[in-house]
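Raw my_file_9.cif, mmCIF, C-alpha atoms:
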data_model
#
loop_
_atom_site.group_PDB
_atom_site.id
_atom_site.type_symbol
_atom_site.label_atom_id
_atom_site.label_comp_id
_atom_site.auth_asym_id
_atom_site.auth_seq_id
_atom_site.Cartn_x
_atom_site.Cartn_y
_atom_site.Cartn_z
ATOM 1 C CA MET A 176 22.578 26.316 -17.673
ATOM 2 C CA ASN A 177 26.327 26.966 -17.373
ATOM 3 C CA ARG A 178 28.913 24.467 -16.162
ATOM 4 C CA GLU A 179 28.858 25.788 -12.598
ATOM 5 C CA ASP A 180 25.060 25.430 -12.403
ATOM 6 C CA ILE A 181 25.251 21.899 -13.782
ATOM 7 C CA MET A 182 27.788 20.908 -11.140
ATOM 8 C CA LYS A 183 25.596 22.373 -8.383
ATOM 9 C CA HIS A 184 22.576 20.478 -9.712
ATOM 10 C CA ARG A 185 24.506 17.211 -9.747
ATOM 11 C CA GLN A 186 25.715 17.852 -6.214
ATOM 12 C CA PHE A 187 22.118 18.482 -5.096
ATOM 13 C CA LEU A 188 20.990 15.158 -6.564
ATOM 14 C CA ALA A 189 23.889 13.360 -4.919
ATOM 15 C CA ASP A 190 23.058 14.956 -1.569
ATOM 16 C CA ARG A 191 19.420 13.913 -1.951
ATOM 17 C CA ARG A 192 20.438 10.306 -2.615
ATOM 18 C CA CYS A 193 22.467 10.352 0.586
ATOM 19 C CA VAL A 194 19.987 12.159 2.837
ATOM 20 C CA PHE A 195 16.611 10.703 1.803
ATOM 21 C CA PRO A 196 17.344 7.096 2.851
ATOM 22 C CA LEU A 197 18.433 8.450 6.242
ATOM 23 C CA VAL A 198 15.105 10.254 6.500
ATOM 24 C CA ILE A 199 13.291 6.974 5.815
ATOM 25 C CA ALA A 200 15.379 5.218 8.482
ATOM 26 C CA GLY A 201 14.455 7.998 10.897
ATOM 27 C CA LEU A 202 10.786 7.651 9.961
ATOM 28 C CA ILE A 203 10.837 3.947 10.811
ATOM 29 C CA ALA A 204 12.719 4.525 14.054
ATOM 30 C CA GLY A 205 10.277 7.282 14.980
ATOM 31 C CA ALA A 206 7.340 4.976 14.336
ATOM 32 C CA ILE A 207 8.854 2.384 16.661
ATOM 33 C CA LEU A 208 9.430 4.937 19.429
ATOM 34 C CA THR A 209 5.946 6.418 19.064
ATOM 35 C CA SER A 210 4.369 2.980 19.266
ATOM 36 C CA SER A 211 6.444 2.136 22.340
ATOM 37 C CA PHE A 212 5.541 5.403 24.119
ATOM 38 C CA ILE A 213 1.828 4.921 23.417
ATOM 39 C CA LYS A 214 1.888 1.376 24.753
ATOM 40 C CA ALA A 215 3.923 2.454 27.782
ATOM 41 C CA ALA A 216 1.298 5.095 28.561
ATOM 42 C CA ASP A 217 -1.393 2.458 28.311
ATOM 43 C CA TYR A 218 0.458 0.243 30.796
ATOM 44 C CA SER A 219 0.770 3.124 33.278
ATOM 45 C CA LEU A 220 -2.940 3.839 32.995
ATOM 46 C CA LEU A 221 -3.774 0.197 33.587
ATOM 47 C CA CYS A 222 -1.539 0.108 36.646
ATOM 48 C CA SER A 223 -3.139 3.291 38.051
ATOM 49 C CA VAL A 224 -6.609 1.845 37.614
ATOM 50 C CA SER A 225 -5.615 -1.446 39.193
ATOM 51 C CA ASN A 226 -4.178 0.331 42.271
ATOM 52 C CA THR A 227 -7.609 1.784 43.086
ATOM 53 C CA ARG A 228 -9.156 -1.645 43.505
ATOM 54 C CA SER A 229 -9.943 -3.146 46.866
ATOM 55 C CA SER A 230 -7.292 -4.960 48.875
ATOM 56 C CA GLU A 231 -9.150 -8.286 48.594
ATOM 57 C CA ALA A 232 -8.466 -8.358 44.812
ATOM 58 C CA VAL A 233 -4.812 -7.284 44.931
ATOM 59 C CA ALA A 234 -3.424 -10.762 44.313
ATOM 60 C CA ASP A 235 -5.708 -11.451 41.356
ATOM 61 C CA VAL A 236 -5.071 -8.039 39.815
ATOM 62 C CA SER A 237 -1.308 -8.449 40.214
ATOM 63 C CA VAL A 238 -1.348 -11.742 38.347
ATOM 64 C CA ALA A 239 -3.570 -10.298 35.626
ATOM 65 C CA ASN A 240 -1.367 -7.204 35.232
ATOM 66 C CA THR A 241 1.744 -9.351 34.972
ATOM 67 C CA GLY A 242 0.215 -11.326 32.106
ATOM 68 C CA SER A 243 -1.125 -8.211 30.353
ATOM 69 C CA SER A 244 2.178 -6.363 30.703
ATOM 70 C CA SER A 245 4.167 -9.299 29.350
ATOM 71 C CA GLN A 246 1.890 -9.537 26.335
ATOM 72 C CA ALA A 247 1.943 -5.767 25.760
ATOM 73 C CA VAL A 248 5.748 -5.584 26.037
ATOM 74 C CA ALA A 249 6.029 -8.408 23.521
ATOM 75 C CA GLU A 250 3.750 -6.481 21.131
ATOM 76 C CA ALA A 251 5.805 -3.298 21.601
ATOM 77 C CA SER A 252 9.121 -5.014 20.938
ATOM 78 C CA VAL A 253 10.997 -4.022 17.825
ATOM 79 C CA THR A 254 10.598 -6.637 15.102
ATOM 80 C CA PRO A 255 13.574 -8.000 13.141
ATOM 81 C CA ILE A 256 12.179 -6.551 9.907
ATOM 82 C CA GLN A 257 12.152 -3.068 11.470
ATOM 83 C CA LEU A 258 15.768 -3.356 12.559
ATOM 84 C CA GLN A 259 16.726 -4.608 9.106
ATOM 85 C CA ALA A 260 14.900 -1.677 7.488
ATOM 86 C CA ILE A 261 16.637 0.902 9.692
ATOM 87 C CA ILE A 262 20.061 -0.534 8.904
ATOM 88 C CA HIS A 263 19.244 -0.862 5.197
ATOM 89 C CA TYR A 264 18.102 2.732 4.693
ATOM 90 C CA ALA A 265 20.731 4.181 7.031
ATOM 91 C CA THR A 266 23.505 2.631 4.934
ATOM 92 C CA SER A 267 21.983 2.968 1.460
ATOM 93 C CA ARG A 268 21.946 5.623 -1.256
ATOM 94 C CA ILE A 269 18.945 4.031 -2.966
ATOM 95 C CA VAL A 270 15.963 6.402 -3.014
ATOM 96 C CA PRO A 271 12.395 4.980 -2.692
ATOM 97 C CA GLN A 272 10.045 5.574 -5.618
ATOM 98 C CA GLN A 273 7.784 7.934 -3.684
ATOM 99 C CA LYS A 274 8.724 11.277 -2.180
ATOM 100 C CA PHE A 275 8.680 11.843 1.568
ATOM 101 C CA LYS A 276 5.390 13.787 1.566
ATOM 102 C CA GLU A 277 3.739 11.019 -0.470
ATOM 103 C CA ILE A 278 5.074 8.327 1.854
ATOM 104 C CA SER A 279 3.780 10.282 4.842
ATOM 105 C CA VAL A 280 0.179 10.009 3.589
ATOM 106 C CA THR A 281 0.225 6.215 3.820
ATOM 107 C CA PHE A 282 2.290 6.297 7.008
ATOM 108 C CA ASP A 283 -0.360 8.421 8.746
ATOM 109 C CA VAL A 284 -2.983 5.779 7.937
ATOM 110 C CA LEU A 285 -0.728 2.916 8.998
ATOM 111 C CA LYS A 286 -0.189 4.595 12.374
ATOM 112 C CA LYS A 287 -3.947 4.324 12.951
ATOM 113 C CA ARG A 288 -4.670 0.923 11.385
ATOM 114 C CA SER A 289 -1.543 -1.181 11.917
ATOM 115 C CA PRO A 290 -1.355 -4.109 12.426
ATOM 116 C CA CYS A 291 -3.511 -4.602 9.357
ATOM 117 C CA ASN A 292 -3.742 -6.370 5.999
ATOM 118 C CA PHE A 293 -1.705 -4.320 3.516
ATOM 119 C CA LEU A 294 -1.637 -5.211 -0.199
ATOM 120 C CA VAL A 295 1.023 -3.552 -2.365
ATOM 121 C CA PHE A 296 1.108 -3.746 -6.163
ATOM 122 C CA GLY A 297 4.813 -3.618 -6.927
ATOM 123 C CA LEU A 298 8.046 -4.722 -5.319
ATOM 124 C CA GLY A 299 10.717 -2.062 -5.090
ATOM 125 C CA TYR A 300 13.193 -0.060 -3.061
ATOM 126 C CA ASP A 301 10.474 0.930 -0.586
ATOM 127 C CA SER A 302 9.133 -2.582 0.132
ATOM 128 C CA LEU A 303 11.233 -3.091 3.249
ATOM 129 C CA MET A 304 9.949 0.242 4.523
ATOM 130 C CA TRP A 305 6.262 -0.641 4.008
ATOM 131 C CA THR A 306 6.652 -3.976 5.766
ATOM 132 C CA SER A 307 8.460 -2.394 8.720
ATOM 133 C CA LEU A 308 5.742 0.262 9.074
ATOM 134 C CA ASN A 309 3.137 -2.491 9.495
ATOM 135 C CA PRO A 310 4.786 -4.581 12.259
ATOM 136 C CA ASN A 311 2.884 -7.730 13.229
ATOM 137 C CA GLY A 312 0.571 -7.011 10.303
ATOM 138 C CA HIS A 313 0.182 -8.857 7.003
ATOM 139 C CA THR A 314 1.935 -7.104 4.092
ATOM 140 C CA ILE A 315 2.336 -8.728 0.672
ATOM 141 C CA PHE A 316 3.759 -7.488 -2.623
ATOM 142 C CA LEU A 317 2.651 -8.433 -6.151
ATOM 143 C CA GLU A 318 5.318 -8.114 -8.837
ATOM 144 C CA GLU A 319 5.189 -8.812 -12.585
ATOM 145 C CA ASP A 320 8.902 -9.598 -13.023
ATOM 146 C CA PRO A 321 9.821 -12.983 -11.464
ATOM 147 C CA LYS A 322 13.568 -12.308 -11.820
ATOM 148 C CA TRP A 323 13.181 -9.081 -9.877
ATOM 149 C CA VAL A 324 11.274 -10.947 -7.152
ATOM 150 C CA GLN A 325 14.164 -13.407 -6.808
ATOM 151 C CA LYS A 326 16.717 -10.599 -6.645
ATOM 152 C CA VAL A 327 14.847 -8.623 -3.991
ATOM 153 C CA LEU A 328 14.053 -11.670 -1.846
ATOM 154 C CA LYS A 329 17.694 -12.709 -1.960
ATOM 155 C CA ASP A 330 18.607 -9.471 -0.181
ATOM 156 C CA ALA A 331 15.448 -9.290 1.967
ATOM 157 C CA PRO A 332 14.100 -12.842 2.453
ATOM 158 C CA SER A 333 11.669 -11.692 5.144
ATOM 159 C CA LEU A 334 9.544 -9.861 2.563
ATOM 160 C CA HIS A 335 6.366 -11.598 1.398
ATOM 161 C CA ALA A 336 6.128 -11.307 -2.396
ATOM 162 C CA HIS A 337 4.425 -13.122 -5.280
ATOM 163 C CA PRO A 338 5.258 -12.999 -9.002
ATOM 164 C CA VAL A 339 2.033 -12.444 -10.981
ATOM 165 C CA LYS A 340 0.908 -12.161 -14.601
ATOM 166 C CA TYR A 341 -1.398 -9.502 -16.012
ATOM 167 C CA ARG A 342 -3.775 -9.974 -18.959
ATOM 168 C CA THR A 343 -3.792 -6.356 -20.092
ATOM 169 C CA GLN A 344 -1.611 -3.926 -22.026
ATOM 170 C CA LEU A 345 -1.533 -0.164 -21.640
ATOM 171 C CA LYS A 346 -2.464 0.387 -25.293
ATOM 172 C CA GLU A 347 -5.791 -1.377 -24.605
ATOM 173 C CA ALA A 348 -6.905 1.146 -21.966
ATOM 174 C CA ASP A 349 -9.661 2.828 -24.021
ATOM 175 C CA ASP A 350 -10.993 -0.515 -25.285
ATOM 176 C CA LEU A 351 -11.037 -1.896 -21.740
ATOM 177 C CA LEU A 352 -13.225 0.983 -20.579
ATOM 178 C CA SER A 353 -15.692 0.243 -23.401
ATOM 179 C CA HIS A 354 -15.549 -3.470 -22.562
ATOM 180 C CA TYR A 355 -16.361 -2.876 -18.881
ATOM 181 C CA ARG A 356 -19.403 -0.771 -19.762
ATOM 182 C CA SER A 357 -20.885 -3.567 -21.869
ATOM 183 C CA GLN A 358 -19.805 -6.691 -19.931
ATOM 184 C CA LYS A 359 -22.198 -7.510 -17.069
ATOM 185 C CA ASN A 360 -19.514 -9.436 -15.181
ATOM 186 C CA CYS A 361 -17.684 -6.110 -14.820
ATOM 187 C CA PHE A 362 -20.706 -4.246 -13.406
ATOM 188 C CA PRO A 363 -20.217 -3.230 -9.752
ATOM 189 C CA SER A 364 -23.235 -5.249 -8.581
ATOM 190 C CA LYS A 365 -21.947 -8.428 -10.256
ATOM 191 C CA ALA A 366 -18.164 -7.995 -10.358
ATOM 192 C CA TYR A 367 -15.876 -10.564 -8.756
ATOM 193 C CA LEU A 368 -12.223 -11.438 -9.314
ATOM 194 C CA ARG A 369 -11.276 -15.098 -8.913
ATOM 195 C CA GLY A 370 -12.084 -16.956 -12.137
ATOM 196 C CA ASN A 371 -13.857 -13.981 -13.736
ATOM 197 C CA LYS A 372 -12.412 -14.434 -17.222
ATOM 198 C CA LYS A 373 -15.312 -12.680 -18.947
ATOM 199 C CA CYS A 374 -14.321 -9.351 -17.403
ATOM 200 C CA LYS A 375 -10.922 -8.444 -18.833
ATOM 201 C CA LEU A 376 -10.250 -5.999 -16.014
ATOM 202 C CA ALA A 377 -10.646 -8.621 -13.282
ATOM 203 C CA LEU A 378 -7.335 -9.953 -11.957
ATOM 204 C CA THR A 379 -7.465 -13.719 -12.376
ATOM 205 C CA GLY A 380 -4.883 -16.446 -11.794
ATOM 206 C CA PHE A 381 -3.367 -14.677 -8.785
ATOM 207 C CA PRO A 382 -2.321 -16.479 -5.562
ATOM 208 C CA ASP A 383 -5.170 -17.639 -3.293
ATOM 209 C CA GLU A 384 -3.879 -15.299 -0.601
ATOM 210 C CA PHE A 385 -4.800 -12.354 -2.823
ATOM 211 C CA TYR A 386 -8.454 -13.412 -2.997
ATOM 212 C CA ASP A 387 -8.895 -14.908 0.477
ATOM 213 C CA THR A 388 -7.643 -11.893 2.466
ATOM 214 C CA GLU A 389 -9.764 -8.837 3.200
ATOM 215 C CA TRP A 390 -7.350 -5.970 2.598
ATOM 216 C CA ASP A 391 -7.453 -2.879 4.809
ATOM 217 C CA LEU A 392 -4.924 -0.887 2.755
ATOM 218 C CA ILE A 393 -4.151 -1.233 -0.950
ATOM 219 C CA MET A 394 -1.197 0.533 -2.535
ATOM 220 C CA ILE A 395 -1.139 0.677 -6.364
ATOM 221 C CA ASP A 396 2.359 1.578 -7.522
ATOM 222 C CA ALA A 397 2.653 -1.100 -10.217
ATOM 223 C CA PRO A 398 2.633 -2.755 -12.694
ATOM 224 C CA ARG A 399 4.562 -0.806 -15.331
ATOM 225 C CA GLY A 400 2.526 1.808 -17.139
ATOM 226 C CA PHE A 401 4.919 3.869 -19.229
ATOM 227 C CA SER A 402 4.934 2.044 -22.608
ATOM 228 C CA PRO A 403 2.166 0.691 -24.881
ATOM 229 C CA ALA A 404 3.113 -2.971 -24.325
ATOM 230 C CA ALA A 405 3.357 -2.623 -20.540
ATOM 231 C CA PRO A 406 0.515 -4.161 -18.475
ATOM 232 C CA GLY A 407 -0.707 -0.805 -17.195
ATOM 233 C CA ARG A 408 -2.573 -0.336 -13.926
ATOM 234 C CA MET A 409 -6.100 -0.560 -15.320
ATOM 235 C CA ALA A 410 -6.833 -4.002 -13.883
ATOM 236 C CA ALA A 411 -5.175 -3.232 -10.545
ATOM 237 C CA ILE A 412 -7.347 -0.119 -10.106
ATOM 238 C CA PHE A 413 -10.539 -1.936 -11.133
ATOM 239 C CA SER A 414 -9.789 -4.909 -8.876
ATOM 240 C CA ALA A 415 -8.981 -2.672 -5.907
ATOM 241 C CA ALA A 416 -12.398 -1.054 -6.329
ATOM 242 C CA VAL A 417 -14.104 -4.451 -6.473
ATOM 243 C CA MET A 418 -12.326 -5.695 -3.334
ATOM 244 C CA ALA A 419 -13.158 -2.501 -1.447
ATOM 245 C CA ARG A 420 -16.838 -2.674 -2.387
ATOM 246 C CA ASN A 421 -17.006 -6.364 -1.421
ATOM 247 C CA ARG A 422 -15.541 -5.718 2.029
ATOM 248 C CA LYS A 423 -17.384 -7.628 4.778
ATOM 249 C CA GLY A 424 -15.600 -6.174 7.820
ATOM 250 C CA THR A 425 -16.141 -2.811 9.459
ATOM 251 C CA GLY A 426 -14.629 0.416 8.226
ATOM 252 C CA VAL A 427 -13.412 1.521 4.824
ATOM 253 C CA THR A 428 -10.661 0.323 2.514
ATOM 254 C CA ASP A 429 -7.829 2.825 2.138
ATOM 255 C CA VAL A 430 -6.582 2.824 -1.460
ATOM 256 C CA PHE A 431 -3.430 4.724 -2.486
ATOM 257 C CA LEU A 432 -2.714 5.284 -6.180
ATOM 258 C CA HIS A 433 0.668 6.595 -7.341
ATOM 259 C CA ASP A 434 1.582 8.274 -10.645
ATOM 260 C CA VAL A 435 -1.762 10.043 -11.047
ATOM 261 C CA ASP A 436 -0.024 12.572 -13.274
ATOM 262 C CA ARG A 437 -0.394 9.989 -16.044
ATOM 263 C CA LYS A 438 -3.577 9.883 -18.133
ATOM 264 C CA VAL A 439 -4.529 6.228 -17.638
ATOM 265 C CA GLU A 440 -4.079 6.247 -13.863
ATOM 266 C CA LYS A 441 -6.140 9.425 -13.527
ATOM 267 C CA THR A 442 -8.898 8.254 -15.888
ATOM 268 C CA PHE A 443 -9.333 4.841 -14.287
ATOM 269 C CA ALA A 444 -9.180 6.318 -10.784
ATOM 270 C CA LYS A 445 -12.064 8.657 -11.586
ATOM 271 C CA GLU A 446 -14.010 5.782 -13.179
ATOM 272 C CA PHE A 447 -13.587 3.153 -10.453
ATOM 273 C CA LEU A 448 -12.204 4.697 -7.241
ATOM 274 C CA CYS A 449 -14.445 7.775 -7.539
ATOM 275 C CA ARG A 450 -13.733 11.436 -6.939
ATOM 276 C CA LYS A 451 -16.202 11.529 -4.027
ATOM 277 C CA TYR A 452 -14.014 9.059 -2.091
ATOM 278 C CA LEU A 453 -10.777 10.989 -2.740
ATOM 279 C CA ILE A 454 -9.736 12.494 0.595
ATOM 280 C CA LYS A 455 -6.140 13.567 -0.038
ATOM 281 C CA ALA A 456 -3.893 14.405 -2.993
ATOM 282 C CA VAL A 457 -0.178 14.921 -2.391
ATOM 283 C CA GLY A 458 2.316 15.105 -5.231
ATOM 284 C CA ARG A 459 1.576 12.221 -7.571
ATOM 285 C CA LEU A 460 -0.352 10.254 -4.930
ATOM 286 C CA TRP A 461 -4.127 10.060 -4.408
ATOM 287 C CA HIS A 462 -5.657 8.574 -1.258
ATOM 288 C CA PHE A 463 -9.193 7.183 -1.360
ATOM 289 C CA GLU A 464 -11.403 5.891 1.466
ATOM 290 C CA ILE A 465 -13.835 3.484 -0.171
ATOM 291 C CA PRO A 466 -16.794 2.105 1.812
ATOM 292 C CA SER A 467 -18.241 -1.342 1.226
ATOM 293 C CA ALA A 468 -21.216 -1.548 -1.137
ATOM 294 C CA ALA A 469 -23.434 -2.292 1.867
ATOM 295 C CA ASN A 470 -22.608 1.160 3.265
ATOM 296 C CA MET A 471 -23.142 3.053 0.007
ATOM 297 C CA SER A 472 -26.310 5.059 -0.492
ATOM 298 C CA SER A 473 -26.500 3.775 -4.056
ATOM 299 C CA HIS A 474 -24.598 0.725 -5.279
ATOM 300 C CA GLY A 475 -26.658 -0.610 -8.156
ATOM 301 C CA GLY A 476 -26.403 0.074 -11.869
ATOM 302 C CA ALA A 477 -23.586 -0.374 -14.325
ATOM 303 C CA GLN A 478 -21.132 2.240 -13.030
ATOM 304 C CA PHE A 479 -18.913 2.443 -9.956
ATOM 305 C CA CYS A 480 -19.163 6.203 -9.469
#
For the structure just supplied, provide its representation as structure tokens.
Amino acid sequence: MNREDIMKHRQFLADRRCVFPLVIAGLIAGAILTSSFIKAADYSLLCSVSNTRSSEAVADVSVANTGSSSQAVAEASVTPIQLQAIIHYATSRIVPQQKFKEISVTFDVLKKRSPCNFLVFGLGYDSLMWTSLNPNGHTIFLEEDPKWVQKVLKDAPSLHAHPVKYRTQLKEADDLLSHYRSQKNCFPSKAYLRGNKKCKLALTGFPDEFYDTEWDLIMIDAPRGFSPAAPGRMAAIFSAAVMARNRKGTGVTDVFLHDVDRKVEKTFAKEFLCRKYLIKAVGRLWHFEIPSAANMSSHGGAQFC
């Protein structure tokens, strides 16, 4: 690559750093407008239906419509976190960890399920975006570095984040797979998380909120998994599978796993999240729809898949 090509490449990267945050800001703004238009259409439909009612009920319907409209308008209002996100990404050169096409996979699900319970492993440059795309929902972030949590919350205090500790290391990945296959407390029919110290893949010692909430969406984009001493994502993947299988509510649990180009992420995804539940693969992101164990044709035995 000659000097001229190098300069063009650097200019391309610089342009990407400038443009991509603006795209994210536009994505958030578009989500707000779409939500508002949908709700506005609903109000018009309600008004049309109410106008066909008999004249004797006009007064009662008018009062009811006033209350419903006020509540609906309040729900459609732009939240402070959304405004903060738009301003942040519109004035920033910081690029989120995921690419636009990868982000769009989760965004498409959020459009259908928000407001919902959204659990994100990792706290990063895209956290403000995820929270703003789930307005009036419950979004929390789990981060291994307490200093990083303090830094991020200083700039974005409205984010809901917890510092957490992991019991695993990436170099233990193969041993952890062998351990799970021989430890009954790891078996899908017996697995649980809170206080399950016998199963090394179970996430223990996390905040009560982590265990007490039934999560609709789970994003696994952390902890670190690029060096032997790093925690790796083995326990996060296993625990996401356990939570999805133990779901009591209706519907599936949407699980998104990033960095599937790496061996450990791919291996543990196939072992616990299951190929048969993989519905979309974009870039380095896999999207799974995992049913509860009660809705599985076969959920016994010692293996998840």
Exercise. If you apply the PyMOL selection byres ((chain A and resi 283) around 12) to this file, what residues do you get, as a PyMOL selection string?
Worked result: chain A and resi 202+206+276-282+284-289+308-309+392+429+455+462
Test item: the PyMOL selection byres ((chain A and resi 447-453) around 8) resolved as an mmCIF file with C-alpha atoms, in the frame of the given file:
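Produced file part.cif, reproduced below:
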data_model
loop_
_atom_site.group_PDB
_atom_site.id
_atom_site.type_symbol
_atom_site.label_atom_id
_atom_site.label_comp_id
_atom_site.auth_asym_id
_atom_site.auth_seq_id
_atom_site.Cartn_x
_atom_site.Cartn_y
_atom_site.Cartn_z
ATOM 1 C CA ILE A 412 -7.347 -0.119 -10.106
ATOM 2 C CA PHE A 413 -10.539 -1.936 -11.133
ATOM 3 C CA ALA A 416 -12.398 -1.054 -6.329
ATOM 4 C CA PHE A 443 -9.333 4.841 -14.287
ATOM 5 C CA ALA A 444 -9.180 6.318 -10.784
ATOM 6 C CA LYS A 445 -12.064 8.657 -11.586
ATOM 7 C CA GLU A 446 -14.010 5.782 -13.179
ATOM 8 C CA ILE A 454 -9.736 12.494 0.595
ATOM 9 C CA LYS A 455 -6.140 13.567 -0.038
ATOM 10 C CA ALA A 456 -3.893 14.405 -2.993
ATOM 11 C CA TRP A 461 -4.127 10.060 -4.408
ATOM 12 C CA HIS A 462 -5.657 8.574 -1.258
ATOM 13 C CA PHE A 463 -9.193 7.183 -1.360
ATOM 14 C CA GLU A 464 -11.403 5.891 1.466
ATOM 15 C CA ILE A 465 -13.835 3.484 -0.171
ATOM 16 C CA PHE A 479 -18.913 2.443 -9.956
ATOM 17 C CA CYS A 480 -19.163 6.203 -9.469
#
For this session: Extract, using all atoms listed in the file, all DNA, RNA and protein residues at most 8 Å from Arg369 (chain A), discarding same-chain residues fewer than 5 positions from it, and format them as a PyMOL selection string.
Result: chain A and resi 377-381+386
Problem set entry | Selection dump of the PyMOL selection byres ((chain A and resi 374) around 7), as a PyMOL selection string | chain A and resi 355+358+360-361+371-373+375-377
Using only C-alpha atoms, tabulate the residues of region 344-436 of chain A lying at most 9 Å from any atom of region 295-298 of chain A, each with its closest atom pair and that distance in Å to one decimal, by chain and increasing residue number, as a Markdown table.
| residue | atom | partner | partner_atom | distance |
| --- | --- | --- | --- | --- |
| A:Leu392 | CA | A:Val295 | CA | 8.3 |
| A:Ile393 | CA | A:Val295 | CA | 5.8 |
| A:Met394 | CA | A:Val295 | CA | 4.7 |
| A:Ile395 | CA | A:Phe296 | CA | 5.0 |
| A:Asp396 | CA | A:Phe296 | CA | 5.6 |
| A:Ala397 | CA | A:Gly297 | CA | 4.7 |
| A:Pro398 | CA | A:Gly297 | CA | 6.2 |
| A:Arg399 | CA | A:Gly297 | CA | 8.9 |
| A:Ala411 | CA | A:Phe296 | CA | 7.7 |
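The space between CA of Tyr367 (chain A) and CA of Pro466 (chain A) spans 16.5 Å.
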Exercise. Which residue gives the smallest distance to Trp390 (chain A) among A:Lys326, A:Arg422, A:Arg408, A:Lys438, with all atoms listed in the file counted?
Worked result: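 Using all atoms listed in the file, the shortest distance to Trp390 (chain A) belongs to A:Arg422.
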For this session: Write out as a list in words each polymer residue whose atoms come within 9 Å of Asp436 (chain A), counting only C-alpha atoms; drop sequence neighbours fewer than 2 positions from it.
Result: His433, Asp434, Lys438, Val439, Glu440, Lys441, Gly458, Arg459 and Leu460 of chain A
Is it possible to get the axis-aligned box enclosing region 332-346 of chain A (all listed atoms, 4 Å extra per side) as JSON, with centre and edge lengths in Å rounded to one decimal?
{"center_x": 5.2, "center_y": -6.4, "center_z": -10.1, "size_x": 25.9, "size_y": 21.5, "size_z": 38.4}
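For the pair CA of Tyr300 (chain A) and CA of Glu318 (chain A), the separation is 12.7 Å.
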Problem set entry | Top pick for closest residue to Gln273 (chain A), considering A:Val457, A:Thr428, A:Pro406, A:Gly476 and counting all atoms listed in the file |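 Ranked by minimum distance to Gln273 (chain A), first place goes to A:Val457.
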Problem set entry | For CA of Pro403 (chain A) and CA of His337 (chain A), the interatomic separation in Å (one decimal) |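 Between these atoms lies a distance of 24.1 Å.
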Exercise. Smallest atom-to-atom distance to Thr343 (chain A): which of A:Leu368, A:Ala410, A:Leu317, A:Ala415, using all atoms listed in the file?
Worked result: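 Of all the options, A:Ala410 lies closest to Thr343 (chain A).
A search radius of 8 Å centred on (-17.0, -0.3, 2.8), applied to all atoms listed in the file, returns the residues Ala419, Arg420, Asn421, Arg422, Lys423, Gly424, Thr425, Gly426, Val427, Thr428, Ile465, Pro466, Ser467, Ala468, Ala469, Asn470 and Met471 of chain A.
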Problem set entry | Residues within 8 Å of Asn292 (chain A), all atoms listed in the file, excluding chain neighbours under 5 positions, as a PyMOL selection string | chain A and resi 312-314+388-392
Keeping C-alpha atoms, export the residues of the selection given above as a compact mmCIF listing (two decimals), in the frame of the given file.
# COMPACT_ATOMS: atom_id res chain seq x y z
CA GLY A 312 0.57 -7.01 10.30
CA HIS A 313 0.18 -8.86 7.00
CA THR A 314 1.94 -7.10 4.09
CA THR A 388 -7.64 -11.89 2.47
CA GLU A 389 -9.76 -8.84 3.20
CA TRP A 390 -7.35 -5.97 2.60
CA ASP A 391 -7.45 -2.88 4.81
CA LEU A 392 -4.92 -0.89 2.76
